[in-house]
Amino acid sequence: MSDARGMALACREVDFSYEEARAPIPALRGLTFEVGSGQSLALLGASGSGKSTLLQVIKGLDPPEAGDVLLDGSPAGAAGYAELRRQVGLVFQTPELQLFAASAREDVAFGPRRLGWPEADVAAAVDEALELVGLPPDRFGGRHPYALSGGEQRRLALAGVLAMRPRLLLLDEPFVSLDPATRRELAKILSRLRADGVTLVLATHDVDLAWALCDQLLVLDAGRAAAAGPWDFGESGRELLAASRLREPFLVELWRRLGRDPSAAPRTAAAAAVALR
Amino acid sequence: MTSPSAGPSDPGAASVDAPQAPEPRAPLLDVRGLSYRYPGAQVEALAGLDLAVSSGEFVAVVGANGSGKSTLARLLGGLERPAGATLALACGHDLLTEDGRMAARRDVGVLFQNPENQLVAECVEDDVAFGLENLAWAPEAIGARVDEMLERFWLTELRRREPHLLSGGQKQRTALAGVLAVPRRVLVLDEPTAMLDPAGRSEVLEAVRGLRAGGLAVVYVTQEMDEVVGADRVVALEAGAVVYAGSVGGLFGDGDLLRRLGLGLPVAGELALELAAAGRFLSPLPLTLEELLAVLGEQT
Amino acid sequence: MRPAIAQYYPGESVIHRLDARAKFVAVTALTIALFVRDSFAGLAVFAAAGVVAYVLSGVPAAWFWRAFRPLLWLVGLTFLAQVLFAPGEPFFSFWIFHFSWAGLEFAAFLSLRLLVLVLIGSVLTLTTPPLALTDGLAWLGRPLRRLHVPTDELALMVTIALRFIPTLLVELDQIMRAQRARGADFGSGGPLKRARALVPVLTPLFVLSFRRADELALAMEARCYRPGVVRTRLHPLEAGAADAVLLVLTVAVIVAGLLV
């Protein structure tokens with residue numbers, strides 16, 4: 001067990017198939033990649049390429065058919081693996097679907113309670129999580145989840161996962177259907193988590209947000225890894241992105257067109273403005 | 001975010017069969033002082049809103065969450081009863097009367113945000129037919145019109161497909177085909193791409209771009225500025241009232257207003273706003289890489 | 001996947017092309033006739049009719065099997081209950097259970113009758129699209145409108161409910177997975193514990209459905225739907241000579257089954 005704030009993740013030759021009408025549909029094939037402790041990985045790929053499947057396999061909702069998912073270097077079955085798995089948080093697509101309790105506090109408390117924490121710890125974790133997502137407990141704690149706006153519900157669902165203090169946070173398209181203001185809020189929250197040292201895996205189709213938040217990428221194509229590792233803006237890197245119908249991040253292309261080094265491109269518009277002032 | 005295409009494309013499809021407009025100049029939508037309050041709400045959703053839209057116009061309506069955009073869309077479609085208005089005419093029907101609203105539902109089509117919750121039937125072609133069945137059209141006429149709509153929105157091969165097997169973009173195109181199967185004079189779209197992935201988004205945007213022929217007036221409600229680019233006019237709402245009504249370029253030039261409204265700008269636009277905050281003004285506001293490079297180039 | 005019992009198998013067979021109303025009337029009449037008399041011979045007549053209809057429909061055996069499978073336990077239970085508890089001279093007794101030939105015979109008859117019922121019913125559901133069936137039922141129920149029963153609206157409600165079943169199943173799965181990811185446990189514990197564990201799944205599903213109903217109603221109104229107004233159809237029901245033939249044949253089968 002590691003002391004680091006962020007968990008290290010590695011997948012080795014992971015295979016997974018769905019059983020559909022007696023014909024197995026391969027969803028992940030020979031997937032191999034790593035994310036070091038505290039690093040952040042962008043999981044890119046078209047709809048149906050296997051992003052959601054991969055996240056659910058990492059979380060342990062479905063066991064892989066072959067290969068290993070190593071958390072902090074330990075494979076499934078090793079001593080303490082179950083405990084490590086509890087430290088992996090998964091935020092599903094449209095997570096507002098999971099809200100069910102009578103108050104925001106109660107809903108966020110669900111996860112920590114299921115972990116068996118004493119009530120005092122649960123209360124502290126809940127308040128901390130609500131603060132982190134920008135829903136101060138004194139104003140939002142008692143409110144009914146369904147009375148919140150769409151953006152607030154999204155953040156509340158995120159708080160429900162963060163309350164369990166995950167060391168590895170998996171997010172499945174967290175920005176979809178969000179209004180622009182909440183999108184920006186959410187990006188800030190994820191930045192804060194990164195700064196805290198939490199390991200992030202972010203499945204998204206927004207290349208610019210991926211660039212802003214992640215130092216590594218994994219591109220999936222029909223369940224296979226088409227690219228894995230740090231962002232590569234050389235010839236082969238660009239070809240790979242193009243083959244998956246992904247464009248380069250805007251700021252990277254801008255830097256390139258301005259005659260500057262694309263790999264030195266800033267991550268955010270604010271940083272770019274400073275550089276171009 | 002996808003960048004807007006070079007210009008409106010017209011796939012050469014048939015016109016939307018809009019019946020003759022009574023007078024060339026009378027606006028199809030004419031509301032003044034429109035107000036609405038949700039039951040039990042303390043604040044008015046719409047507070048004295050004025051809007052006029054003429055035949056063939058493409059008007060974008062922007063504003064943050066809670067500004068009243070969706071409420072406006074529903075009222076224009078005759079789907080809610082206004083709390084009050086000095087004038088509320090949709091295609092000549094008085095929205096303040098029950099009969100007027102029922103009649104408005106026929107001339108004004110509304111496409112909503114959630115593709116799933118607009119499809120009622122077991123398969124695509126039955127869903128597209130739904131509106132015409134409600135209007136008691138003869139089966140042969142329904143069949144012909146459905147074929148036309150399926151063709152127009154690239155759904156012919158999917159005609160017997162069940163809704164849960166469609167992608168988000170396909171569902172929304174089906175919903176759009178169903179709304180327009182009834183010949184309309186105005187189409188209101190309420191954030192039609194908000195719940196779609198980039199592929200679905202570009203499908204729907206392309207379908208909407210093809211609508212501009214035929215005299216149909218379009219009111220396009222959105223929070224994403226790059227969807228506003230081709231509009232003839234843009235109206236910005238805040239707290240249920242209009243705070244800007246004018247050209248798209250004019251809105252793009254008002255950095256303070258854009259920031260206040262919290263709208264979704266493509267990265268180029270955000271960069272331009274950040275630069276403006278740092279004292280370097282880029283005008284007109286660039287929304288694409290090319291526009292940004294052009295403006296930066298001009299300034300050096 | 002929709003439950004197999006209601007599953008429609010698309011096709012162009014003579015059975016598929018029959019009017020939904022005629023098929024429904026035939027099936028109802030046969031069902032009632034099946035219960036009038038307890039006779040193996042009669043049952044054989046009805047069974048033969050069902051098999052002929054199945055063969056004509058062209059639906060693969062696998063699909064019929066899927067309709068039968070869930071009911072096999074019911075058939076088995078019926079059989080067992082009759083065998084063990086029916087009156088008659090026992091030829092073998094064990095504890096409180098008495099096996100008699102009469103009981104065995106009766107049990108066999110009941111089980112076979114159930115199977116024939118499922119066979120005939122399946123021919124209907126496998127060859128008739130749900131929309132046509134609900135339209136047909138709405139038409140047949142037209143007289144009820146005089147009693148202020150909203151038959152057309154009910155038919156539409158059924159159609160919409162069927163349309164959303166696959167969607168709801170997907171959403172149910174999503175919600176269950178999301179809650180499992182938060183540590184919910186649906187598998188362990190006694191019945192009370194398991195029921196409580198479903199609250200985090202059923203509550204969101206309910207809320208989702210209410211919101212859906214609101215939005216759907218609005219979308220329907222935006223397409224000029226008004227309850228009570230007569231609607232036409234893209235695919236109207238058209239009865240023809242074949243349907244008359246079906247009804248005549250049904251009467252013949254019933255007469256034969258009751259007289260044989």
# chains A, B, ... in the order shown; residues from 1 in each chain; ligands from 1

call {"tool": "closest_atom_pairs", "arguments": {"of": "chain B", "to": "chain A", "cutoff": "9 Å", "atoms": "only C-alpha atoms", "output": "CSV"}}
result
residue,atom,partner,partner_atom,distance
B:Met1,CA,A:Asp206,CA,7.1
B:Ala64,CA,A:Asp179,CA,8.1
B:Asn65,CA,A:Asp179,CA,7.4
B:Thr193,CA,A:Ser177,CA,8.7
B:Ala194,CA,A:Ser177,CA,5.3
B:Met195,CA,A:Ser177,CA,4.6
B:Leu196,CA,A:Ser177,CA,7.3
B:Asp197,CA,A:Val176,CA,7.4
B:Pro198,CA,A:His205,CA,7.5
B:Ala199,CA,A:Ala46,CA,8.9
B:Gln223,CA,A:Asp179,CA,7.1
B:Glu224,CA,A:Pro180,CA,7.7
B:Gly262,CA,A:Ala181,CA,6.1
B:Leu263,CA,A:Pro180,CA,6.2
B:Gly264,CA,A:Pro180,CA,4.8
B:Leu265,CA,A:Pro180,CA,8.1
B:Val267,CA,A:Ala269,CA,6.8
B:Ala268,CA,A:Phe250,CA,7.9
B:Glu270,CA,A:Ala269,CA,6.3
B:Leu271,CA,A:Ala269,CA,4.8
B:Ala272,CA,A:Ala273,CA,7.7
B:Leu273,CA,A:Ala273,CA,8.8
B:Glu274,CA,A:Ala273,CA,5.8
B:Leu275,CA,A:Ala273,CA,5.0
B:Ala276,CA,A:Ala273,CA,8.8
B:Ala278,CA,A:Arg277,CA,7.0
B:Gly279,CA,A:Arg277,CA,7.9
B:Arg280,CA,A:Arg277,CA,6.5
B:Leu289,CA,A:Leu254,CA,6.9
B:Leu292,CA,A:Leu254,CA,8.8
B:Leu293,CA,A:Leu254,CA,7.8

call {"tool": "residues_around", "arguments": {"residues": "Phe233 of chain A", "least_positions_apart": "4", "cutoff": "8 Å", "atoms": "only C-alpha atoms", "output": "PDB file with C-alpha atoms, in the first residue's frame"}}
result
ATOM      1  CA  GLY A 237       1.392  11.800 -33.138  1.00  0.00           C
ATOM      2  CA  ARG A 238      -0.659  14.057 -35.362  1.00  0.00           C
ATOM      3  CA  PRO A 262       3.610  23.260 -30.150  1.00  0.00           C
ATOM      4  CA  SER A 263       4.633  21.117 -27.191  1.00  0.00           C
TER       5      SER A 263
END

call {"tool": "interface_residues", "arguments": {"of": "chain C", "to": "chain A", "cutoff": "7 Å", "atoms": "only C-alpha atoms", "output": "PDB file with N, CA and C atoms, in the first residue's frame"}}
result
ATOM      1  N   ILE C 175     -28.209   2.921 -13.593  1.00  0.00           N
ATOM      2  CA  ILE C 175     -28.363   3.375 -12.216  1.00  0.00           C
ATOM      3  C   ILE C 175     -27.825   2.325 -11.249  1.00  0.00           C
ATOM      4  N   ALA C 178     -24.106   2.489 -11.250  1.00  0.00           N
ATOM      5  CA  ALA C 178     -23.610   3.684 -10.573  1.00  0.00           C
ATOM      6  C   ALA C 178     -23.698   3.510  -9.056  1.00  0.00           C
ATOM      7  N   GLN C 179     -24.784   2.926  -8.571  1.00  0.00           N
ATOM      8  CA  GLN C 179     -24.921   2.746  -7.126  1.00  0.00           C
ATOM      9  C   GLN C 179     -23.973   1.653  -6.635  1.00  0.00           C
ATOM     10  N   ALA C 181     -21.136   1.138  -7.843  1.00  0.00           N
ATOM     11  CA  ALA C 181     -19.839   1.805  -7.790  1.00  0.00           C
ATOM     12  C   ALA C 181     -19.693   2.611  -6.497  1.00  0.00           C
ATOM     13  N   ARG C 182     -20.821   2.989  -5.873  1.00  0.00           N
ATOM     14  CA  ARG C 182     -20.769   3.697  -4.594  1.00  0.00           C
ATOM     15  C   ARG C 182     -20.885   2.734  -3.422  1.00  0.00           C
ATOM     16  N   GLY C 183     -20.859   1.428  -3.728  1.00  0.00           N
ATOM     17  CA  GLY C 183     -20.860   0.468  -2.640  1.00  0.00           C
ATOM     18  C   GLY C 183     -22.192  -0.185  -2.367  1.00  0.00           C
ATOM     19  N   ALA C 184     -23.210   0.086  -3.175  1.00  0.00           N
ATOM     20  CA  ALA C 184     -24.515  -0.545  -2.938  1.00  0.00           C
ATOM     21  C   ALA C 184     -24.403  -2.037  -3.202  1.00  0.00           C
ATOM     22  N   PRO C 200     -32.267   3.153  -3.709  1.00  0.00           N
ATOM     23  CA  PRO C 200     -31.411   4.027  -4.517  1.00  0.00           C
ATOM     24  C   PRO C 200     -31.506   3.767  -6.010  1.00  0.00           C
ATOM     25  N   THR C 203     -35.960   4.940  -6.822  1.00  0.00           N
ATOM     26  CA  THR C 203     -36.290   6.358  -6.678  1.00  0.00           C
ATOM     27  C   THR C 203     -35.846   7.168  -7.889  1.00  0.00           C
ATOM     28  N   PRO C 204     -34.581   7.070  -8.289  1.00  0.00           N
ATOM     29  CA  PRO C 204     -34.183   7.830  -9.475  1.00  0.00           C
ATOM     30  C   PRO C 204     -34.978   7.421 -10.709  1.00  0.00           C
TER      31      PRO C 204
END

call {"tool": "closest_atom_pairs", "arguments": {"of": "chain C", "to": "chain B", "cutoff": "7 Å", "atoms": "only C-alpha atoms", "output": "JSON lines"}}
result
{"residue": "C:Ile160", "atom": "CA", "partner": "B:Val120", "partner_atom": "CA", "distance": 5.6}
{"residue": "C:Arg163", "atom": "CA", "partner": "B:Glu122", "partner_atom": "CA", "distance": 5.3}
{"residue": "C:Pro166", "atom": "CA", "partner": "B:His164", "partner_atom": "CA", "distance": 6.6}
{"residue": "C:Thr167", "atom": "CA", "partner": "B:His164", "partner_atom": "CA", "distance": 5.8}
{"residue": "C:Arg212", "atom": "CA", "partner": "B:Asn117", "partner_atom": "CA", "distance": 5.8}
{"residue": "C:Glu215", "atom": "CA", "partner": "B:Asn117", "partner_atom": "CA", "distance": 6.0}
{"residue": "C:Leu216", "atom": "CA", "partner": "B:Asn117", "partner_atom": "CA", "distance": 5.1}
{"residue": "C:Ala219", "atom": "CA", "partner": "B:Gln118", "partner_atom": "CA", "distance": 5.4}
{"residue": "C:Ala222", "atom": "CA", "partner": "B:Arg105", "partner_atom": "CA", "distance": 5.7}
{"residue": "C:Arg223", "atom": "CA", "partner": "B:Gly131", "partner_atom": "CA", "distance": 4.7}
{"residue": "C:Cys224", "atom": "CA", "partner": "B:Asn134", "partner_atom": "CA", "distance": 6.0}
{"residue": "C:Tyr225", "atom": "CA", "partner": "B:Asn134", "partner_atom": "CA", "distance": 5.3}
{"residue": "C:Val230", "atom": "CA", "partner": "B:Ala136", "partner_atom": "CA", "distance": 6.9}
{"residue": "C:Arg231", "atom": "CA", "partner": "B:Asn134", "partner_atom": "CA", "distance": 5.0}
{"residue": "C:Thr232", "atom": "CA", "partner": "B:Glu133", "partner_atom": "CA", "distance": 4.8}
{"residue": "C:Arg233", "atom": "CA", "partner": "B:Glu133", "partner_atom": "CA", "distance": 5.5}
{"residue": "C:Leu234", "atom": "CA", "partner": "B:Pro139", "partner_atom": "CA", "distance": 5.0}
{"residue": "C:His235", "atom": "CA", "partner": "B:Pro139", "partner_atom": "CA", "distance": 6.9}

call {"tool": "residues_around", "arguments": {"residues": "segment 27-42 of chain A", "least_positions_apart": "4", "cutoff": "9 Å", "atoms": "only C-alpha atoms", "output": "PDB file with C-alpha atoms, in the first residue's frame"}}
result
ATOM      1  CA  ALA A   4       1.109   8.732  -1.963  1.00  0.00           C
ATOM      2  CA  ARG A   5      -2.068  10.751  -2.306  1.00  0.00           C
ATOM      3  CA  GLY A   6      -2.635   9.438  -5.802  1.00  0.00           C
ATOM      4  CA  MET A   7      -2.913   5.777  -6.741  1.00  0.00           C
ATOM      5  CA  ALA A   8      -0.808   4.309  -9.543  1.00  0.00           C
ATOM      6  CA  LEU A   9      -2.742   2.432 -12.206  1.00  0.00           C
ATOM      7  CA  ALA A  10      -1.527  -0.033 -14.784  1.00  0.00           C
ATOM      8  CA  CYS A  11      -3.406  -2.269 -17.216  1.00  0.00           C
ATOM      9  CA  ARG A  12      -1.658  -5.204 -18.845  1.00  0.00           C
ATOM     10  CA  GLU A  13      -3.160  -6.980 -21.863  1.00  0.00           C
ATOM     11  CA  VAL A  14      -6.681  -6.454 -20.628  1.00  0.00           C
ATOM     12  CA  ASP A  15      -9.401  -8.207 -22.624  1.00  0.00           C
ATOM     13  CA  PHE A  16     -13.118  -7.821 -22.092  1.00  0.00           C
ATOM     14  CA  SER A  17     -16.208  -8.861 -24.065  1.00  0.00           C
ATOM     15  CA  TYR A  18     -19.927  -8.367 -23.726  1.00  0.00           C
ATOM     16  CA  GLY A  48     -18.400   2.899 -28.828  1.00  0.00           C
ATOM     17  CA  SER A  49     -14.610   2.679 -28.738  1.00  0.00           C
ATOM     18  CA  GLY A  50     -14.700   1.205 -25.240  1.00  0.00           C
ATOM     19  CA  THR A  53     -16.216  -0.215 -20.564  1.00  0.00           C
ATOM     20  CA  LEU A  54     -12.590   0.364 -19.632  1.00  0.00           C
ATOM     21  CA  PRO A  64     -11.485  -8.623 -17.220  1.00  0.00           C
ATOM     22  CA  ALA A  66      -7.753 -11.765 -19.492  1.00  0.00           C
ATOM     23  CA  GLY A  67      -4.955  -9.517 -18.335  1.00  0.00           C
ATOM     24  CA  ASP A  72      -0.426   0.588  -6.848  1.00  0.00           C
ATOM     25  CA  ARG A 167      -7.011   8.193  -4.676  1.00  0.00           C
ATOM     26  CA  LEU A 168      -7.810   7.312  -8.269  1.00  0.00           C
ATOM     27  CA  ARG A 194      -5.010  17.336  -9.580  1.00  0.00           C
ATOM     28  CA  ALA A 195      -3.167  19.867  -7.492  1.00  0.00           C
ATOM     29  CA  ASP A 196      -4.030  17.722  -4.472  1.00  0.00           C
ATOM     30  CA  GLY A 197      -2.246  14.803  -6.071  1.00  0.00           C
ATOM     31  CA  VAL A 198      -5.246  12.613  -6.944  1.00  0.00           C
ATOM     32  CA  THR A 199      -4.672  10.412  -9.999  1.00  0.00           C
ATOM     33  CA  LEU A 200      -7.216  11.240 -12.699  1.00  0.00           C
ATOM     34  CA  VAL A 201      -8.510   9.302 -15.684  1.00  0.00           C
ATOM     35  CA  LEU A 202     -10.818  11.480 -17.757  1.00  0.00           C
ATOM     36  CA  ALA A 203     -12.857  10.002 -20.600  1.00  0.00           C
ATOM     37  CA  THR A 204     -14.010  12.854 -22.797  1.00  0.00           C
ATOM     38  CA  VAL A 207      -9.873  17.598 -26.826  1.00  0.00           C
ATOM     39  CA  ALA A 210      -8.326  17.062 -22.113  1.00  0.00           C
ATOM     40  CA  TRP A 211      -5.351  19.257 -22.993  1.00  0.00           C
ATOM     41  CA  LEU A 213      -6.362  18.859 -17.511  1.00  0.00           C
ATOM     42  CA  CYS A 214      -4.249  15.876 -18.554  1.00  0.00           C
ATOM     43  CA  ASP A 215      -0.564  15.215 -19.120  1.00  0.00           C
ATOM     44  CA  GLN A 216      -1.003  11.819 -20.766  1.00  0.00           C
ATOM     45  CA  LEU A 217      -3.410  10.380 -23.250  1.00  0.00           C
ATOM     46  CA  LEU A 218      -4.822   7.011 -24.237  1.00  0.00           C
ATOM     47  CA  VAL A 219      -6.684   6.876 -27.520  1.00  0.00           C
ATOM     48  CA  ALA A 222     -12.564  -0.330 -31.277  1.00  0.00           C
ATOM     49  CA  GLY A 223     -11.234  -1.464 -27.929  1.00  0.00           C
ATOM     50  CA  ARG A 224      -7.572  -1.278 -28.822  1.00  0.00           C
ATOM     51  CA  ALA A 225      -5.027   1.289 -27.714  1.00  0.00           C
ATOM     52  CA  ALA A 228      -0.730   5.716 -25.152  1.00  0.00           C
ATOM     53  CA  GLY A 229       1.658   8.048 -23.379  1.00  0.00           C
ATOM     54  CA  PRO A 230       2.459  11.733 -23.244  1.00  0.00           C
TER      55      PRO A 230
END

call {"tool": "atom_distance", "arguments": {"atom1": "atom CA of Arg260 of chain B", "atom2": "atom CA of Ala277 of chain B"}}
result
13.2 Å

call {"tool": "residues_around", "arguments": {"residues": "Leu133 of chain C", "least_positions_apart": "5", "cutoff": "9 Å", "atoms": "only C-alpha atoms", "output": "list in words"}}
result
Ala20, Arg21, Phe24, Leu124, Thr125, Thr128, Ala138 and Ala155 of chain C

call {"tool": "residues_around", "arguments": {"residues": "segment 237-250 of chain C", "least_positions_apart": "4", "cutoff": "10 Å", "atoms": "only C-alpha atoms", "output": "compact mmCIF listing (two decimals) with N, CA and C atoms, in the first residue's frame"}}
result
# COMPACT_ATOMS: atom_id res chain seq x y z
N VAL C 14 -48.76 -15.14 -44.50
CA VAL C 14 -50.21 -14.91 -44.60
C VAL C 14 -50.77 -14.55 -43.23
N ILE C 15 -50.19 -15.12 -42.19
CA ILE C 15 -50.65 -14.80 -40.83
C ILE C 15 -50.28 -13.37 -40.47
N ARG C 17 -50.05 -10.92 -42.40
CA ARG C 17 -50.80 -9.92 -43.13
C ARG C 17 -52.27 -9.85 -42.74
N LEU C 18 -52.70 -10.76 -41.90
CA LEU C 18 -54.08 -10.69 -41.44
C LEU C 18 -54.27 -9.47 -40.55
N ASP C 19 -55.50 -8.97 -40.56
CA ASP C 19 -55.83 -7.80 -39.76
C ASP C 19 -55.74 -8.14 -38.27
N ALA C 20 -55.16 -7.22 -37.50
CA ALA C 20 -54.96 -7.46 -36.07
C ALA C 20 -56.28 -7.73 -35.35
N ARG C 21 -57.32 -7.06 -35.79
CA ARG C 21 -58.60 -7.22 -35.11
C ARG C 21 -59.15 -8.62 -35.30
N ALA C 22 -59.05 -9.11 -36.56
CA ALA C 22 -59.55 -10.45 -36.84
C ALA C 22 -58.76 -11.47 -36.03
N LYS C 23 -57.45 -11.30 -36.00
CA LYS C 23 -56.62 -12.24 -35.25
C LYS C 23 -56.99 -12.23 -33.78
N VAL C 25 -59.82 -11.35 -32.35
CA VAL C 25 -61.13 -11.96 -32.14
C VAL C 25 -61.01 -13.48 -32.21
N ALA C 26 -60.26 -13.97 -33.21
CA ALA C 26 -60.09 -15.42 -33.37
C ALA C 26 -59.44 -16.02 -32.13
N VAL C 27 -58.38 -15.39 -31.68
CA VAL C 27 -57.65 -15.92 -30.51
C VAL C 27 -58.54 -15.90 -29.27
N ALA C 29 -61.82 -16.00 -29.16
CA ALA C 29 -62.87 -17.01 -29.31
C ALA C 29 -62.31 -18.41 -29.03
N LEU C 30 -61.14 -18.70 -29.57
CA LEU C 30 -60.52 -20.00 -29.36
C LEU C 30 -60.21 -20.22 -27.89
N PHE C 46 -57.84 -28.17 -31.35
CA PHE C 46 -57.33 -26.81 -31.17
C PHE C 46 -55.81 -26.77 -31.33
N ALA C 49 -54.91 -26.76 -34.92
CA ALA C 49 -55.11 -25.43 -35.52
C ALA C 49 -53.95 -24.52 -35.18
N ALA C 132 -50.13 -2.23 -34.12
CA ALA C 132 -51.32 -2.72 -34.80
C ALA C 132 -52.26 -3.37 -33.79
N LEU C 133 -51.67 -4.07 -32.85
CA LEU C 133 -52.50 -4.75 -31.85
C LEU C 133 -53.25 -3.74 -30.98
N ASP C 135 -53.92 -0.65 -31.75
CA ASP C 135 -54.90 0.02 -32.61
C ASP C 135 -56.14 -0.86 -32.78
N GLY C 136 -55.88 -2.15 -32.99
CA GLY C 136 -56.99 -3.09 -33.17
C GLY C 136 -57.86 -3.15 -31.94
N TRP C 139 -59.96 -0.12 -31.64
CA TRP C 139 -61.10 -0.16 -32.56
C TRP C 139 -62.20 -1.07 -32.01
N ARG C 233 -54.04 7.19 -39.34
CA ARG C 233 -52.85 6.36 -39.19
C ARG C 233 -52.02 6.33 -40.45
N ILE C 254 -63.74 -24.26 -33.84
CA ILE C 254 -64.43 -24.28 -32.55
C ILE C 254 -65.53 -25.34 -32.56
N VAL C 255 -66.30 -25.33 -33.62
CA VAL C 255 -67.38 -26.32 -33.72
C VAL C 255 -66.79 -27.73 -33.68
N ALA C 256 -65.76 -27.94 -34.47
CA ALA C 256 -65.13 -29.27 -34.49
C ALA C 256 -64.61 -29.64 -33.11

call {"tool": "residues_around", "arguments": {"residues": "Glu153 of chain C", "least_positions_apart": "3", "cutoff": "9 Å", "atoms": "only C-alpha atoms", "output": "ChimeraX atom specification"}}
result
/C:138,150,156-158,227-228

call {"tool": "select_by_dssp", "arguments": {"residues": "segment 87-214 of chain C", "states": "helix (DSSP H, G or I)", "output": "PyMOL selection string"}}
result
chain C and resi 101-127+130-140+142-147+151-181+191-197+199-214

call {"tool": "closest_residue", "arguments": {"among": "C:Gln82, C:Ser39, C:Thr31, C:Ser57", "to": "Leu258 of chain C", "atoms": "only C-alpha atoms"}}
result
C:Ser39

call {"tool": "residues_around", "arguments": {"residues": "Thr151 of chain C", "least_positions_apart": "6", "cutoff": "7 Å", "atoms": "only C-alpha atoms", "output": "VMD selection string"}}
result
chain C and resid 138 141 to 142 145

call {"tool": "write_last_selection", "arguments": {"atoms": "C-alpha atoms", "output": "mmCIF file, in the first residue's frame"}}
result
data_model
loop_
_atom_site.group_PDB
_atom_site.id
_atom_site.type_symbol
_atom_site.label_atom_id
_atom_site.label_comp_id
_atom_site.auth_asym_id
_atom_site.auth_seq_id
_atom_site.Cartn_x
_atom_site.Cartn_y
_atom_site.Cartn_z
ATOM 1 C CA ALA C 138 -58.847 0.392 -29.540
ATOM 2 C CA GLY C 141 -63.233 -1.277 -27.792
ATOM 3 C CA ARG C 142 -64.904 1.623 -29.598
ATOM 4 C CA ARG C 145 -66.297 5.140 -25.558
#

call {"tool": "closest_residue", "arguments": {"among": "C:Ala53, C:Ala197, C:Leu208, C:Leu104", "to": "Glu171 of chain C", "atoms": "only C-alpha atoms"}}
result
C:Leu208

call {"tool": "select_by_dssp", "arguments": {"residues": "segment 68-220 of chain A", "states": "strand (DSSP E or B)", "output": "list in words"}}
result
Asp68, Val69, Leu70, Leu71, Ser74, Val88, Gly89, Leu90, Val91, Leu168, Leu169, Leu170, Leu171, Asp172, Thr199, Leu200, Val201, Leu202, Ala203, Gln216, Leu217, Leu218, Val219 and Leu220 of chain A

call {"tool": "write_last_selection", "arguments": {"atoms": "C-alpha atoms", "output": "short mmCIF file (atom, residue, chain, number, x, y, z; two decimals), in the first residue's frame"}}
result
data_model
loop_
_atom_site.label_atom_id
_atom_site.label_comp_id
_atom_site.auth_asym_id
_atom_site.auth_seq_id
_atom_site.Cartn_x
_atom_site.Cartn_y
_atom_site.Cartn_z
CA ASP A 68 -4.50 -7.55 -15.14
CA VAL A 69 -5.59 -4.31 -13.62
CA LEU A 70 -2.84 -3.29 -11.20
CA LEU A 71 -3.60 -0.76 -8.49
CA SER A 74 -0.87 -4.97 -6.90
CA VAL A 88 -11.05 4.05 -6.76
CA GLY A 89 -13.92 6.41 -7.51
CA LEU A 90 -15.97 6.25 -10.71
CA VAL A 91 -18.23 9.07 -11.86
CA LEU A 168 -7.81 7.31 -8.27
CA LEU A 169 -10.72 9.18 -9.83
CA LEU A 170 -12.29 7.91 -13.04
CA LEU A 171 -14.69 10.23 -14.88
CA ASP A 172 -16.90 9.20 -17.79
CA THR A 199 -4.67 10.41 -10.00
CA LEU A 200 -7.22 11.24 -12.70
CA VAL A 201 -8.51 9.30 -15.68
CA LEU A 202 -10.82 11.48 -17.76
CA ALA A 203 -12.86 10.00 -20.60
CA GLN A 216 -1.00 11.82 -20.77
CA LEU A 217 -3.41 10.38 -23.25
CA LEU A 218 -4.82 7.01 -24.24
CA VAL A 219 -6.68 6.88 -27.52
CA LEU A 220 -9.04 3.93 -27.96
#

call {"tool": "atom_distance", "arguments": {"atom1": "atom CA of Leu71 of chain C", "atom2": "atom CA of Ala48 of chain C"}}
result
20.3 Å
